[in-house]
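Novice: Next up, start-v1.txt (compact mmCIF, C-alpha atoms).
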```
# COMPACT_ATOMS: atom_id res chain seq x y z
CA MET A 1 39.65 33.60 -2.82
CA SER A 2 41.55 34.49 0.36
CA GLN A 3 40.02 36.39 3.26
CA GLU A 4 41.65 38.68 5.83
CA ASN A 5 40.25 40.38 8.91
CA ALA A 6 41.13 43.65 10.59
CA ASP A 7 39.68 46.23 12.96
CA PHE A 8 39.66 48.91 10.27
CA ILE A 9 39.84 48.81 6.49
CA VAL A 10 41.07 52.06 4.93
CA ILE A 11 40.26 52.48 1.24
CA GLY A 12 42.95 54.61 -0.39
CA ALA A 13 46.69 54.98 0.24
CA GLY A 14 47.02 58.65 -0.64
CA ILE A 15 47.98 61.09 2.09
CA GLY A 16 44.46 61.01 3.58
CA GLY A 17 44.26 57.25 3.98
CA ALA A 18 47.92 56.87 4.94
CA SER A 19 47.67 59.45 7.73
CA VAL A 20 44.55 57.86 9.24
CA ALA A 21 46.06 54.38 9.02
CA TYR A 22 49.25 55.57 10.71
CA TRP A 23 47.44 56.78 13.81
CA LEU A 24 44.98 53.87 13.91
CA SER A 25 47.71 51.24 13.63
CA ARG A 26 49.12 52.17 17.01
CA GLN A 27 46.07 50.68 18.70
CA ALA A 28 44.30 48.54 16.11
CA ARG A 29 44.73 46.15 13.20
CA VAL A 30 44.59 48.10 9.96
CA ILE A 31 44.53 47.09 6.30
CA VAL A 32 44.87 49.78 3.63
CA LEU A 33 43.55 48.94 0.16
CA GLU A 34 44.98 50.91 -2.76
CA ALA A 35 43.60 50.59 -6.30
CA GLU A 36 46.89 51.60 -7.95
CA THR A 37 50.25 49.85 -7.88
CA GLN A 38 51.82 52.65 -5.84
CA PRO A 39 50.59 55.01 -3.12
CA GLY A 40 49.48 58.58 -3.77
CA TYR A 41 49.42 58.13 -7.54
CA HIS A 42 46.67 60.59 -8.53
CA SER A 43 46.98 63.52 -6.13
CA THR A 44 49.56 63.16 -3.35
CA GLY A 45 52.39 62.14 -5.65
CA ARG A 46 51.71 65.03 -8.04
CA SER A 47 51.59 67.78 -5.43
CA ALA A 48 54.03 70.67 -5.10
CA ALA A 49 52.88 71.19 -1.55
CA LEU A 50 53.64 74.19 0.61
CA PHE A 51 52.86 74.46 4.31
CA MET A 52 50.93 77.70 4.84
CA GLU A 53 48.90 78.30 7.97
CA SER A 54 46.82 80.86 6.07
CA TYR A 55 45.88 78.52 3.22
CA GLY A 56 42.36 77.13 2.98
CA PRO A 57 39.01 77.65 4.72
CA ASP A 58 38.61 77.90 8.50
CA GLN A 59 38.47 74.22 9.44
CA VAL A 60 41.36 73.33 7.14
CA ARG A 61 43.41 76.03 8.85
CA ALA A 62 42.53 74.68 12.30
CA LEU A 63 43.60 71.14 11.40
CA THR A 64 46.70 72.45 9.65
CA ARG A 65 47.72 74.23 12.85
CA ALA A 66 47.07 71.02 14.78
CA GLY A 67 49.82 69.34 12.76
CA ILE A 68 52.53 72.01 13.06
CA ASP A 69 54.41 70.24 15.86
CA PHE A 70 54.35 66.97 13.92
CA PHE A 71 55.85 68.65 10.87
CA ARG A 72 58.52 70.41 12.88
CA ASN A 73 59.31 67.51 15.21
CA PRO A 74 58.26 64.20 13.62
CA PRO A 75 58.55 61.04 15.74
CA ALA A 76 61.94 59.35 15.89
CA GLY A 77 62.51 57.21 12.81
CA PHE A 78 59.62 58.75 10.87
CA CYS A 79 61.90 60.31 8.25
CA GLU A 80 65.58 60.84 7.53
CA HIS A 81 65.39 64.55 6.72
CA PRO A 82 63.22 67.48 7.90
CA LEU A 83 59.68 67.49 6.56
CA LEU A 84 59.69 71.28 6.19
CA THR A 85 62.21 73.54 4.44
CA PRO A 86 61.85 77.34 4.63
CA ARG A 87 60.52 78.81 1.40
CA GLY A 88 58.18 81.77 1.93
CA ALA A 89 55.17 82.72 -0.17
CA PHE A 90 54.69 86.07 -1.90
CA VAL A 91 51.45 87.39 -3.38
CA PHE A 92 51.73 90.53 -5.52
CA ALA A 93 49.09 92.80 -6.98
CA GLY A 94 48.88 95.15 -9.94
CA PRO A 95 47.16 98.49 -10.52
CA GLY A 96 43.50 98.45 -9.45
CA GLN A 97 43.98 95.41 -7.20
CA GLU A 98 44.64 97.23 -3.93
CA ALA A 99 41.45 95.95 -2.29
CA GLU A 100 42.25 92.36 -3.22
CA LEU A 101 45.74 92.67 -1.76
CA ASP A 102 44.34 94.23 1.43
CA ALA A 103 41.92 91.32 1.77
CA HIS A 104 44.72 88.81 1.24
CA GLU A 105 46.89 90.52 3.84
CA ALA A 106 44.05 90.44 6.38
CA SER A 107 43.53 86.73 5.70
CA VAL A 108 47.21 85.94 6.22
CA ARG A 109 47.51 88.01 9.37
CA ALA A 110 44.52 86.20 10.87
CA THR A 111 46.64 83.06 11.22
CA SER A 112 50.29 84.04 10.75
CA SER A 113 52.39 86.58 12.61
CA ALA A 114 55.11 86.34 9.95
CA ALA A 115 53.39 88.50 7.32
CA ARG A 116 55.10 91.49 5.77
CA ARG A 117 53.61 94.08 3.41
CA LEU A 118 55.95 95.27 0.64
CA ASP A 119 55.46 98.36 -1.48
CA ALA A 120 56.18 98.36 -5.22
CA ARG A 121 59.85 99.23 -4.85
CA GLU A 122 60.42 96.58 -2.18
CA ALA A 123 58.58 93.99 -4.23
CA MET A 124 60.75 94.69 -7.27
CA GLU A 125 63.92 94.47 -5.19
CA PHE A 126 62.71 91.22 -3.66
CA LEU A 127 61.72 89.65 -7.01
CA PRO A 128 63.46 91.53 -9.83
CA VAL A 129 61.77 89.42 -12.52
CA LEU A 130 58.43 91.12 -11.85
CA ARG A 131 57.41 93.75 -14.40
CA PRO A 132 57.09 97.22 -12.80
CA ASP A 133 53.81 98.00 -14.57
CA HIS A 134 52.21 94.94 -12.97
CA VAL A 135 53.26 95.54 -9.36
CA ILE A 136 51.87 97.96 -6.79
CA GLY A 137 53.04 95.85 -3.85
CA GLY A 138 52.71 92.46 -2.25
CA VAL A 139 52.42 90.39 0.91
CA LEU A 140 55.19 88.04 2.01
CA GLU A 141 54.27 85.10 4.23
CA GLN A 142 57.72 84.46 5.63
CA ASP A 143 57.05 81.21 7.50
CA ALA A 144 55.60 79.27 4.54
CA SER A 145 57.66 76.12 3.94
CA ASP A 146 58.17 73.43 1.33
CA ILE A 147 56.84 70.03 2.39
CA ASP A 148 58.76 66.85 1.57
CA VAL A 149 55.61 65.11 0.33
CA ASP A 150 57.19 61.74 -0.38
CA ALA A 151 58.90 61.62 3.03
CA LEU A 152 55.58 62.42 4.72
CA LEU A 153 53.62 59.79 2.78
CA GLN A 154 56.27 57.09 3.13
CA GLY A 155 56.67 57.89 6.82
CA PHE A 156 52.96 57.30 7.42
CA LEU A 157 52.97 54.04 5.44
CA ARG A 158 56.19 52.78 7.03
CA GLY A 159 54.87 53.62 10.50
CA THR A 160 51.66 51.72 9.77
CA ARG A 161 53.68 48.70 8.70
CA GLN A 162 55.92 48.88 11.77
CA HIS A 163 52.83 48.81 13.98
CA GLY A 164 51.50 45.66 12.29
CA GLY A 165 49.26 47.21 9.65
CA ARG A 166 49.70 46.59 5.97
CA THR A 167 48.96 48.18 2.61
CA VAL A 168 47.70 46.11 -0.32
CA TYR A 169 48.32 47.54 -3.79
CA ASP A 170 46.50 46.82 -7.06
CA ALA A 171 43.46 46.20 -4.88
CA ALA A 172 40.60 48.20 -6.38
CA VAL A 173 37.40 47.71 -4.41
CA THR A 174 34.72 45.94 -6.44
CA GLY A 175 32.14 45.39 -3.72
CA LEU A 176 31.10 46.59 -0.26
CA SER A 177 28.46 44.99 1.93
CA ARG A 178 27.61 44.92 5.62
CA SER A 179 26.10 42.12 7.68
CA GLY A 180 26.20 41.16 11.33
CA GLY A 181 28.21 44.22 12.29
CA GLN A 182 30.95 43.43 9.76
CA TRP A 183 31.88 45.07 6.48
CA THR A 184 32.96 42.79 3.66
CA VAL A 185 35.21 44.53 1.14
CA THR A 186 35.82 42.64 -2.09
CA THR A 187 38.70 43.10 -4.53
CA ALA A 188 39.64 41.07 -7.61
CA ARG A 189 41.87 38.71 -5.62
CA SER A 190 40.80 38.85 -1.99
CA VAL A 191 38.04 39.54 0.49
CA TYR A 192 38.58 41.66 3.60
CA GLN A 193 36.39 42.05 6.67
CA ALA A 194 36.31 44.65 9.42
CA PRO A 195 33.72 46.34 11.65
CA VAL A 196 34.60 49.79 10.22
CA VAL A 197 35.48 51.04 6.74
CA VAL A 198 37.29 54.36 6.20
CA ASN A 199 36.55 55.98 2.85
CA ALA A 200 39.77 57.77 1.87
CA ALA A 201 39.42 57.12 -1.85
CA GLY A 202 40.15 60.69 -2.96
CA ALA A 203 38.43 61.58 -6.24
CA TRP A 204 36.64 58.21 -6.11
CA ALA A 205 35.21 58.68 -2.60
CA ASP A 206 31.63 59.25 -3.84
CA ASP A 207 31.88 56.08 -5.94
CA VAL A 208 32.99 54.09 -2.90
CA ALA A 209 30.14 55.61 -0.89
CA ARG A 210 27.60 54.45 -3.46
CA MET A 211 28.96 50.90 -3.22
CA ALA A 212 28.39 51.06 0.54
CA GLY A 213 24.85 52.37 0.14
CA ALA A 214 25.77 55.85 1.40
CA ALA A 215 24.69 59.10 -0.25
CA PRO A 216 27.43 60.93 -2.16
CA VAL A 217 28.57 64.28 -0.80
CA GLY A 218 28.89 65.99 -4.18
CA LEU A 219 32.61 65.59 -4.51
CA VAL A 220 34.03 67.32 -7.61
CA PRO A 221 37.54 66.35 -8.77
CA LYS A 222 39.34 69.31 -10.33
CA ARG A 223 42.38 69.24 -12.57
CA ARG A 224 45.44 71.28 -11.55
CA SER A 225 48.22 71.43 -14.16
CA ALA A 226 51.91 72.11 -13.61
CA PHE A 227 55.16 72.20 -15.53
CA LEU A 228 58.90 72.61 -15.02
CA PHE A 229 61.03 75.11 -16.92
CA ALA A 230 64.59 76.39 -16.80
CA PRO A 231 65.34 79.45 -14.66
CA PRO A 232 66.85 82.52 -16.33
CA GLU A 233 70.60 82.37 -16.89
CA GLY A 234 72.71 84.49 -14.61
CA ILE A 235 69.98 85.00 -12.00
CA ALA A 236 69.99 83.02 -8.75
CA SER A 237 66.46 81.71 -8.24
CA SER A 238 66.76 78.85 -5.75
CA HIS A 239 66.08 81.21 -2.83
CA TRP A 240 62.91 82.69 -4.34
CA PRO A 241 59.65 82.15 -2.48
CA LEU A 242 56.65 80.66 -4.16
CA PHE A 243 55.07 83.68 -5.83
CA LEU A 244 51.78 84.36 -7.53
CA ASP A 245 49.53 87.24 -8.51
CA VAL A 246 46.62 88.09 -6.25
CA GLN A 247 44.09 86.83 -8.82
CA GLU A 248 45.89 83.48 -8.99
CA SER A 249 46.43 83.37 -12.73
CA PHE A 250 49.74 81.57 -12.15
CA TYR A 251 52.24 80.59 -9.50
CA ILE A 252 55.96 79.82 -9.65
CA LYS A 253 58.11 77.91 -7.16
CA PRO A 254 61.77 76.90 -7.30
CA ASP A 255 62.11 73.13 -7.56
CA ALA A 256 65.42 71.21 -7.62
CA GLY A 257 67.27 73.70 -9.80
CA MET A 258 64.27 74.35 -12.05
CA LEU A 259 61.17 76.52 -11.74
CA LEU A 260 57.76 74.95 -11.30
CA GLY A 261 54.88 76.83 -12.88
CA SER A 262 51.13 76.37 -12.77
CA PRO A 263 48.07 78.17 -14.14
CA CYS A 264 46.34 77.64 -10.74
CA ASN A 265 43.51 76.01 -12.67
CA ALA A 266 40.68 74.07 -11.04
CA ASP A 267 38.85 72.42 -13.93
CA PRO A 268 36.02 70.02 -13.00
CA VAL A 269 36.62 66.54 -14.44
CA ALA A 270 35.48 62.97 -13.90
CA PRO A 271 37.84 60.95 -11.67
CA HIS A 272 40.52 59.46 -13.91
CA ASP A 273 44.27 59.37 -14.54
CA VAL A 274 44.32 63.07 -15.38
CA GLN A 275 46.77 64.66 -17.79
CA ALA A 276 47.61 68.32 -18.35
CA GLU A 277 45.83 70.12 -21.18
CA GLU A 278 48.00 72.07 -23.62
CA LEU A 279 45.73 75.10 -23.30
CA ASP A 280 46.22 75.22 -19.51
CA ILE A 281 49.98 75.32 -19.92
CA ALA A 282 49.79 77.91 -22.72
CA ILE A 283 47.60 80.19 -20.58
CA ALA A 284 50.03 79.94 -17.66
CA ILE A 285 53.03 80.71 -19.86
CA ASP A 286 51.25 83.73 -21.35
CA ASN A 287 50.39 85.10 -17.90
CA ILE A 288 53.90 84.51 -16.59
CA GLU A 289 55.52 86.24 -19.56
CA ARG A 290 53.05 89.13 -19.35
CA MET A 291 53.66 89.85 -15.65
CA THR A 292 57.33 88.90 -15.38
CA THR A 293 60.47 89.06 -17.51
CA LEU A 294 60.76 85.26 -17.50
CA ARG A 295 60.80 83.52 -20.89
CA ILE A 296 59.65 79.93 -21.27
CA ARG A 297 60.78 78.35 -24.52
CA ARG A 298 59.65 74.81 -23.78
CA PRO A 299 58.59 73.17 -20.51
CA ALA A 300 60.91 70.36 -19.48
CA HIS A 301 58.07 68.34 -17.96
CA VAL A 302 54.29 68.71 -17.82
CA TRP A 303 51.76 66.95 -15.59
CA ALA A 304 48.44 67.33 -13.78
CA GLY A 305 46.81 66.08 -10.60
CA LEU A 306 43.34 65.85 -9.10
CA ARG A 307 42.18 68.02 -6.20
CA SER A 308 38.72 67.02 -4.96
CA PHE A 309 36.32 69.56 -3.44
CA VAL A 310 32.83 69.67 -1.98
CA ALA A 311 30.65 72.76 -2.31
CA ASP A 312 31.86 74.62 0.79
CA GLY A 313 35.54 73.77 0.23
CA GLU A 314 36.02 72.20 3.66
CA LEU A 315 37.18 68.65 4.36
CA VAL A 316 34.72 65.77 4.73
CA GLY A 317 35.54 63.80 7.86
CA GLY A 318 33.37 61.73 10.16
CA TYR A 319 30.88 58.88 10.33
CA ASP A 320 28.23 58.75 7.64
CA PRO A 321 24.86 59.92 9.04
CA LYS A 322 22.91 57.01 7.52
CA VAL A 323 25.25 54.05 6.99
CA PRO A 324 26.67 52.55 10.20
CA ASP A 325 30.44 52.32 10.67
CA PHE A 326 31.23 53.96 7.34
CA PHE A 327 33.68 56.79 7.98
CA TRP A 328 34.58 59.57 5.53
CA ALA A 329 38.12 60.99 5.15
CA ALA A 330 37.75 62.86 1.88
CA GLY A 331 37.25 66.22 0.17
CA GLN A 332 40.78 67.40 0.84
CA GLY A 333 40.81 69.93 -1.98
CA GLY A 334 44.27 71.43 -2.30
CA TYR A 335 44.99 71.18 1.41
CA GLY A 336 45.39 67.44 1.99
CA ILE A 337 49.16 67.38 2.46
CA GLN A 338 49.45 70.24 4.94
CA SER A 339 46.40 69.15 6.94
CA ALA A 340 47.27 65.42 6.98
CA PRO A 341 49.01 65.11 10.37
CA GLY A 342 46.27 67.04 12.18
CA ALA A 343 43.32 65.64 10.25
CA GLY A 344 44.61 62.06 10.36
CA ARG A 345 45.10 62.24 14.13
CA TYR A 346 41.65 63.72 14.62
CA TYR A 347 39.97 61.10 12.43
CA ALA A 348 41.77 58.30 14.26
CA SER A 349 40.67 59.69 17.64
CA GLU A 350 37.05 59.60 16.46
CA LEU A 351 37.40 56.08 15.06
CA LEU A 352 39.02 54.80 18.25
CA GLY A 353 36.35 56.43 20.40
CA GLU A 354 38.74 58.87 22.02
CA GLY A 355 37.06 62.02 20.72
CA ALA A 356 38.68 65.36 20.04
CA GLY A 357 39.61 65.63 23.71
CA ALA A 358 42.43 63.15 23.06
CA LEU A 359 44.18 65.77 20.93
CA PRO A 360 45.87 69.01 21.90
CA ALA A 361 43.55 72.00 21.83
CA LEU A 362 42.19 72.78 18.37
CA PRO A 363 41.22 76.46 18.50
CA GLY A 364 38.54 77.30 15.97
CA PHE A 365 37.81 73.69 15.09
CA ASP A 366 34.17 72.57 14.89
CA PRO A 367 33.68 68.88 13.96
CA ALA A 368 30.18 69.61 12.66
CA ARG A 369 31.63 71.83 9.94
CA ILE A 370 33.53 68.95 8.35
CA SER A 371 30.99 66.20 9.10
CA PRO A 372 29.32 64.43 6.16
CA ALA A 373 26.06 65.01 8.03
CA ARG A 374 26.15 68.64 6.89
CA PHE A 375 25.09 67.63 3.36
CA PRO A 376 21.45 67.05 2.40
CA CYS A 377 20.64 63.37 2.02
```
In structure tokens, write the structure found in this file.
Specialist:
Amino acid sequence: MSQENADFIVIGAGIGGASVAYWLSRQARVIVLEAETQPGYHSTGRSAALFMESYGPDQVRALTRAGIDFFRNPPAGFCEHPLLTPRGAFVFAGPGQEAELDAHEASVRATSSAARRLDAREAMEFLPVLRPDHVIGGVLEQDASDIDVDALLQGFLRGTRQHGGRTVYDAAVTGLSRSGGQWTVTTARSVYQAPVVVNAAGAWADDVARMAGAAPVGLVPKRRSAFLFAPPEGIASSHWPLFLDVQESFYIKPDAGMLLGSPCNADPVAPHDVQAEELDIAIAIDNIERMTTLRIRRPAHVWAGLRSFVADGELVGGYDPKVPDFFWAAGQGGYGIQSAPGAGRYYASELLGEGAGALPALPGFDPARISPARFPC
């Protein structure tokens, strides 16, 4: 069995692992181990990501803001096309939901200056497919943007490779041990050694932690289903924002000439190659047809992805409090894509011993609030 050495071994080639590896590879030897035959198979590659400064809990928002410049001005050669495309996001409310809409507006305005409150008439003019009896108004987040997820992921992996790092596919970790200041990571075909292991295994991060002798952080993978359907004939929809009701019973987003719908579900499941449940799709279709004039005869494509959360909803990033040189980059929830440039750069600065001071100012960011040390052992 062959053996390779590096400065850092990153377990997982989803957006979390790829972003950390990208920044580390500029100064260190990095090997990324991916269990699947392609990167981002379970979560990243199934995401319909939107960049929204207002989305997520406080620390997610801080790290999302830290990556804005990267998204808007990626390094030369990182990608062929812009990573962000203007889209907008619109949340509407129905009768009796005024307080919920007020709370949403306050949340958006706390981070974005591009928020606009629409009354019922304006909302109907803006999105004529909404049913009048289900709309009292809405909030438009004008600077929300589509993210080219594949370009972002491939840019991170390509950059890692260009800096001398490499990604090994079909390399599920079967063993982790530490001796003499070195981690030994075993796969079916090879053995890898490095002083530091980065746990970016997504829904499997707690399983990897157990192999390393670390306590799990209570990660819960949750299924999110989605489907594509044809837009209504005779109505231009490509310019629509992503839109959803304030109680998040569905969302819709234009996608390559089709409409992407989702029930916004978050169903706890064991980590596996998740598939959409028929009931999830049926519930979403019922809600969409009840609140809009859209009709969905048959989805053109149906799928699901995993979004992994810990109890407080924040990311999990930092050195394990008990196991030396075992670093967490997990618990990304539904925010992993938009937070990846900022979070990956922060994690790399910690791993390289630079500290947060090596980054531009991160207003509102508190490393202790994403540290794995915040969980009871």
Novice: Would you list the contacts of Ser237 (chain A) as a list in words, taking every protein, DNA or RNA residue within 9 Å and counting all atoms listed in the file, but skipping same-chain residues closer than 4 positions in sequence?
Specialist: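 Surrounding residues, per the criterion: Pro231, Pro232, Pro241, Pro254, Gly257, Met258 and Leu259 of chain A.
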Novice: What would the file look like if the residues just selected were written as a tab-separated table (two decimals), in the coordinates of the input with C-alpha atoms?
Specialist:
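Listed below is the output, out-v3.tsv:
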```tsv
chain	number	residue	atom	x	y	z
A	231	PRO	CA	65.34	79.45	-14.66
A	232	PRO	CA	66.85	82.52	-16.33
A	241	PRO	CA	59.65	82.15	-2.48
A	254	PRO	CA	61.77	76.90	-7.30
A	257	GLY	CA	67.27	73.70	-9.80
A	258	MET	CA	64.27	74.35	-12.05
A	259	LEU	CA	61.17	76.52	-11.74
```
Novice: Mind giving me the straight-line distance from CA of Asn199 (chain A) to CA of Gly17 (chain A) in Å, one decimal?
Specialist: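 We find that CA of Asn199 (chain A) and CA of Gly17 (chain A) lie 7.9 Å from each other.
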Novice: Check the smallest atom-to-atom distance from each of A:Thr160, A:Gly261, A:Gly305, A:Val10 to Ala330 (chain A) using all atoms listed in the file, then report the winner.
Specialist: A:Val10
Novice: For CA of Ala343 (chain A) and CA of Val60 (chain A), determine how far apart the two atoms are, in Å to one decimal place.
Specialist: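 Here the two named atoms are 8.5 Å from each other.
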Novice: Restricting the calculation to only C-alpha atoms, which member of A:Ser308, A:Ser249, A:Asn265, A:Ser107 is positioned closest to Arg290 (chain A)?
Specialist: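 Ranking A:Ser308, A:Ser249, A:Asn265, A:Ser107 by distance to Arg290 (chain A), first place goes to A:Ser249.
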Novice: I'd like the neighbourhood of region 19-23 of chain A as an NGL selection string, where a residue qualifies if any of its atoms comes within 10 Å (using all atoms listed in the file), though same-chain residues fewer than 3 positions away should be ignored.
Specialist: :A and (8-16 or 26-32 or 152-153 or 155-163 or 165-167 or 198 or 200 or 329 or 337 or 339-349 or 351-352)
Novice: For each of A:Leu33, A:Asp255, A:Phe327, A:Leu130, take the minimum atom-to-atom distance to Val168 (chain A), counting only C-alpha atoms, then give the residue where this is smallest.
Specialist: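 The shortest atom-to-atom distance to Val168 (chain A) comes from A:Leu33.
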Novice: Just checking: using only C-alpha atoms, which residue out of A:Val323, A:Ala35, A:Val129, A:Ala172 ends up closest to Ile288 (chain A)?
Specialist: A:Val129
